[in-house]
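Asks: Pasting a structure here, questions to come.
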Amino acid sequence: MEITLRAPDRPPPPSARPPLVGLTPGGVAALHDELLAYHREFAPLFQRAEQRHWALEYLEGQLLPLERKSIAPLADALDGGNVQAMQRFISLGAWEDDAVLARHQQLVAETLGDADTGVLIVDGCDCPKQGEYSVGVARQYCGALGKVANCQASVVACYASARGFTLVDRRLYVHEDWFTEAYAPRRTRCGVPAALPFRTRTALAGALIAGLCERGALPFRWVTGDEHFGNTPVLLDQLADAGRAYFMAVPHNVRVWASRPPTAVPAATGKKGHPFTRLRLAPGAPAPVRVDALAAALPPSAWQVAQVQEGSKGPLVAEGAFVRAVAVRDGLPGPDVWLVLRRTLDAARELKTYRCNAAADTPPETLVWLLGLRWPVEQASKAAQDELGLDHYEVRGWRGWHHHTTMTLLAQHFLVRLRGRLGGGGYPRADGTASPAPAQRDAPGPAPRRRRHARLHPGGAAPQLRRRAFPPPAAAAPARSAPGHLLSELTL
């Protein structure tokens with residue numbers, strides 16, 4: 001079957017395939033200095049010397065090849081680790097996550113920023129929990145398990161461009177049960193801010209995106225998400241009002257008009273009747289139709305074979321149809337949108353439906369490109385959990401959850417930056433000029449003093465990073481390196 005549509009010449013974000021790197025042993029030995037230089041980007045935001053020290057230790061611990069990355073194993077693996085001190089740093093430390101994340105987003109813009117291919121992807125990130133005292137935990141749908149279970153839920157944002165991808169922000173979803181009087185002791189015990197209002201996941205996503213737009217560090221025009229976000233008109237209109245184009249999956253039961261129906265303000269009836277002021281559908285106007293019914297009614301000529309890029313799985317070929325439609329807002333015609341339909345070529349003919357507010361003259365190739373841009377957030381979330389311990393925390397409080405997730409986002413971006421440098425020298429800035437590798441900036445200060453005896457990993461982080469950059473020959477042969485070698489596995 002001939003492929004008639006391809007995405008424009010915009011390389012997709014680098015996938016999970018191992019990169020080709022050419023490090024000398026001396027270059028690998030300098031990786032720990034590079035971690036120190038990366039830490040110096042954030043050090044001024046930690047007000048106390050011990051906070052700066054434990055921030056570096058926590059980052060280093062998250063990069064180690066440990067099976068479990070809660071505080072106790074991290075402290076045990078680090079030479080000079082201290083469980084109580086690290087617990088205080090994460091659970092009680094008086095440092096501001098927002099300031100650290102703002103700097104994080106500036107650095108992501110330097111590493112990955114691209115106004116032409118930059119996309120923000122929002123998604124849910126849920127962590128199963130056994131107990132009932134961790135902040136926000138409740139029995140609710142857990143995406144990680146695919147069923148209702150006891151879990152903590154959050155919303156994450158991933159920035160992706162042709163240069164790579166990484167997580168840039170997150171919001172904790174506090175279940176509505178926590179705002180009842182019965183949960184007041186738990187809120188106090190977990191340190192939930194007294195003025196915190198209940199917000200749905202989509203409202204959290206809206207606030208997260210609004211914050212990124214206000215800071216303006218990351219260049220992106222497009223915002224994508226799954227059906228949960230795509231089926232929320234308030235969020236979609238918020239994005240449109242902010243000048244962003246959305247490309248969102250929608251469930252099949254979403255309704256649209258194939259063309260704009262007539263509307264009118266009804267005339268007043270009776271001598272004492274008040275005049276109508278609100279538009280209504282004109283008599284005889286057609287009802288909106290489900291998007292799957294509209295797809296089923298399309299002629300065969302409306303479908304084209306498109307090559308969709310799906311990241312680590314390689315190119316995927318499917319049928320695509322692109323139809324202009326009118327969205328429904330409160331029972332009336334709303335904005336003009338693209339209805340993008342994707343259908344598999346196998347016997348199942350599985351249909352996926354999307355809604356996009358791009359201009360009417362948007363080329364179909366651009367919409368095909370957007371079809372393949374969901375996988376980065378899924379892979380980034382999974383890598384953060386599996387390799388960096390995003391879901392390994394054992395802290396229960398509001399501050400602890402935010403501190404741990406902030407440090408995890410920093411650790412992930414360190415690997416992204418490192419990969420960019422290993423793959424071709426310095427990484428590009430958002431304005432297209434070359435940025436020096438972190439080790440080429442101001443010389444880092446001396447490494448923190450360590451005890452003379454190393455408990456588990458003598459020599460600091462450099463030997464661990466060396467093992468991950470150069471896995472044993474037996475592990476280097478497969479197309480995808482063995483878990484544990486993060487610099488080959490986490491090719492973000």
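Residues in the structure tokens are numbered from 1 in each chain, the chains being A, B, ... in the order shown, and ligands are numbered from 1 in the order shown.
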Would you list the contacts of Ala184 in chain A as a list in words, taking every protein, DNA or RNA residue within 12 Å and counting only C-alpha atoms, but skipping same-chain residues closer than 6 positions in sequence?
Replies: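 Once the nearby chain positions are removed, what remains is Tyr133, Val135, Asp177, Trp178, Cys190, Gly191, Val192, Pro193 and Ala194 of chain A.
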Asks: Quick check for you: according to DSSP on this backbone, which residues of range 37-105 of chain A are classed as helix (DSSP H, G or I)? Reply as a PyMOL selection string.
Replies: chain A and resi 37-40+43-45+49-63+71-77+83-92+97-105
Asks: Just list as a PDB file with C-alpha atoms, in the first residue's frame whatever in range 109-288 of chain A DSSP marks as strand (DSSP E or B).
Replies:
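Done, and the output landed in states_17.pdb:
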```pdb
ATOM      1  CA  VAL A 119       5.714  20.640  21.951  1.00  0.00           C
ATOM      2  CA  LEU A 120       4.363  20.481  25.510  1.00  0.00           C
ATOM      3  CA  ILE A 121       2.753  17.147  26.383  1.00  0.00           C
ATOM      4  CA  VAL A 122       0.568  16.769  29.480  1.00  0.00           C
ATOM      5  CA  ASP A 123      -0.295  13.431  31.009  1.00  0.00           C
ATOM      6  CA  GLY A 124      -1.278  11.723  34.224  1.00  0.00           C
ATOM      7  CA  CYS A 125       1.357   9.998  36.362  1.00  0.00           C
ATOM      8  CA  ASP A 126       0.014   7.711  39.096  1.00  0.00           C
ATOM      9  CA  CYS A 127       1.892   5.767  41.765  1.00  0.00           C
ATOM     10  CA  PRO A 128       0.249   2.836  43.609  1.00  0.00           C
ATOM     11  CA  ALA A 138      -7.063   7.685  47.733  1.00  0.00           C
ATOM     12  CA  ARG A 139      -8.822   4.833  46.057  1.00  0.00           C
ATOM     13  CA  GLN A 140      -9.135   6.110  42.495  1.00  0.00           C
ATOM     14  CA  TYR A 141      -8.316   5.155  38.935  1.00  0.00           C
ATOM     15  CA  CYS A 142      -4.609   4.373  38.717  1.00  0.00           C
ATOM     16  CA  LYS A 147      -7.810  -0.037  37.295  1.00  0.00           C
ATOM     17  CA  VAL A 148      -9.204   1.570  40.432  1.00  0.00           C
ATOM     18  CA  ALA A 149      -6.699   1.168  43.244  1.00  0.00           C
ATOM     19  CA  ASN A 150      -5.105   2.969  46.167  1.00  0.00           C
ATOM     20  CA  CYS A 151      -2.682   5.470  44.642  1.00  0.00           C
ATOM     21  CA  GLN A 152      -1.286   8.967  44.487  1.00  0.00           C
ATOM     22  CA  ALA A 153      -2.133  10.789  41.263  1.00  0.00           C
ATOM     23  CA  SER A 154      -0.398  13.694  39.582  1.00  0.00           C
ATOM     24  CA  VAL A 155      -0.207  15.607  36.332  1.00  0.00           C
ATOM     25  CA  VAL A 156       3.145  15.966  34.576  1.00  0.00           C
ATOM     26  CA  ALA A 157       4.345  18.072  31.651  1.00  0.00           C
ATOM     27  CA  CYS A 158       7.007  16.922  29.208  1.00  0.00           C
ATOM     28  CA  TYR A 159       8.813  19.220  26.805  1.00  0.00           C
ATOM     29  CA  ALA A 160       9.753  17.550  23.514  1.00  0.00           C
ATOM     30  CA  SER A 161      11.495  18.835  20.414  1.00  0.00           C
ATOM     31  CA  GLY A 164      15.068  15.380  22.820  1.00  0.00           C
ATOM     32  CA  PHE A 165      12.580  15.426  25.672  1.00  0.00           C
ATOM     33  CA  THR A 166      12.381  15.626  29.441  1.00  0.00           C
ATOM     34  CA  LEU A 167       9.855  16.290  32.210  1.00  0.00           C
ATOM     35  CA  VAL A 168       9.621  19.968  33.138  1.00  0.00           C
ATOM     36  CA  ASP A 169       6.887  20.303  35.782  1.00  0.00           C
ATOM     37  CA  ARG A 170       4.323  18.390  37.850  1.00  0.00           C
ATOM     38  CA  ARG A 171       1.268  18.923  40.034  1.00  0.00           C
ATOM     39  CA  LEU A 172      -0.011  16.665  42.797  1.00  0.00           C
ATOM     40  CA  TYR A 173      -3.687  15.775  42.556  1.00  0.00           C
ATOM     41  CA  TRP A 222       1.648  23.074  20.476  1.00  0.00           C
ATOM     42  CA  VAL A 223       0.105  21.335  23.491  1.00  0.00           C
ATOM     43  CA  THR A 224      -0.942  17.692  23.275  1.00  0.00           C
ATOM     44  CA  GLY A 225      -2.663  15.310  25.666  1.00  0.00           C
ATOM     45  CA  ALA A 245      -2.539  25.335  19.422  1.00  0.00           C
ATOM     46  CA  TYR A 246      -3.814  22.102  20.953  1.00  0.00           C
ATOM     47  CA  PHE A 247      -3.832  18.622  19.489  1.00  0.00           C
ATOM     48  CA  MET A 248      -5.812  16.446  21.885  1.00  0.00           C
ATOM     49  CA  ALA A 249      -7.218  12.949  21.762  1.00  0.00           C
ATOM     50  CA  VAL A 250     -10.974  12.787  22.317  1.00  0.00           C
ATOM     51  CA  ARG A 255     -19.969  15.353  19.143  1.00  0.00           C
ATOM     52  CA  VAL A 256     -19.257  17.897  16.410  1.00  0.00           C
ATOM     53  CA  TRP A 257     -21.021  19.483  13.458  1.00  0.00           C
ATOM     54  CA  THR A 263     -28.363  30.036  15.043  1.00  0.00           C
ATOM     55  CA  ALA A 264     -30.766  32.817  15.947  1.00  0.00           C
ATOM     56  CA  ARG A 280     -30.111  29.208  20.154  1.00  0.00           C
ATOM     57  CA  LEU A 281     -30.019  26.700  17.353  1.00  0.00           C
TER      58      LEU A 281
END
```
Asks: Would you list the contacts of Arg189 in chain A as an NGL selection string, taking every protein, DNA or RNA residue within 10 Å and counting only C-alpha atoms, but skipping same-chain residues closer than 6 positions in sequence?
Replies: :A and (133-135 or 183 or 396-398)
Asks: Restricting it to N, CA and C atoms, dump the selection as a PDB file, in the first residue's frame.
Replies:
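As a result, result16.pdb now contains:
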```pdb
ATOM      1  N   TYR A 133      -1.978   7.189  54.395  1.00  0.00           N
ATOM      2  CA  TYR A 133      -1.577   8.435  55.038  1.00  0.00           C
ATOM      3  C   TYR A 133      -0.651   9.292  54.184  1.00  0.00           C
ATOM      4  N   SER A 134      -0.221   8.799  53.034  1.00  0.00           N
ATOM      5  CA  SER A 134       0.570   9.648  52.128  1.00  0.00           C
ATOM      6  C   SER A 134      -0.320  10.739  51.558  1.00  0.00           C
ATOM      7  N   VAL A 135       0.249  11.912  51.357  1.00  0.00           N
ATOM      8  CA  VAL A 135      -0.540  13.062  50.952  1.00  0.00           C
ATOM      9  C   VAL A 135      -1.291  12.786  49.644  1.00  0.00           C
ATOM     10  N   TYR A 183     -11.049  14.305  56.820  1.00  0.00           N
ATOM     11  CA  TYR A 183      -9.628  14.232  56.457  1.00  0.00           C
ATOM     12  C   TYR A 183      -8.818  15.393  57.022  1.00  0.00           C
ATOM     13  N   ARG A 396       5.726  11.079  53.233  1.00  0.00           N
ATOM     14  CA  ARG A 396       4.265  11.154  53.224  1.00  0.00           C
ATOM     15  C   ARG A 396       3.721  12.561  53.075  1.00  0.00           C
ATOM     16  N   GLY A 397       4.538  13.560  53.314  1.00  0.00           N
ATOM     17  CA  GLY A 397       4.034  14.918  53.386  1.00  0.00           C
ATOM     18  C   GLY A 397       4.023  15.664  52.066  1.00  0.00           C
ATOM     19  N   TRP A 398       3.326  16.786  52.078  1.00  0.00           N
ATOM     20  CA  TRP A 398       3.210  17.661  50.918  1.00  0.00           C
ATOM     21  C   TRP A 398       4.588  18.150  50.465  1.00  0.00           C
TER      22      TRP A 398
END
```
Asks: Closest to Gly131 in chain A among A:Val337, A:Glu350, A:Asp241, A:Glu394, using only C-alpha atoms?
Replies: A:Glu394
Asks: Quick one, how far is CA of Val289 in chain A from CA of Asn253 in chain A?
Replies: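 These atoms are spaced 8.6 Å apart.
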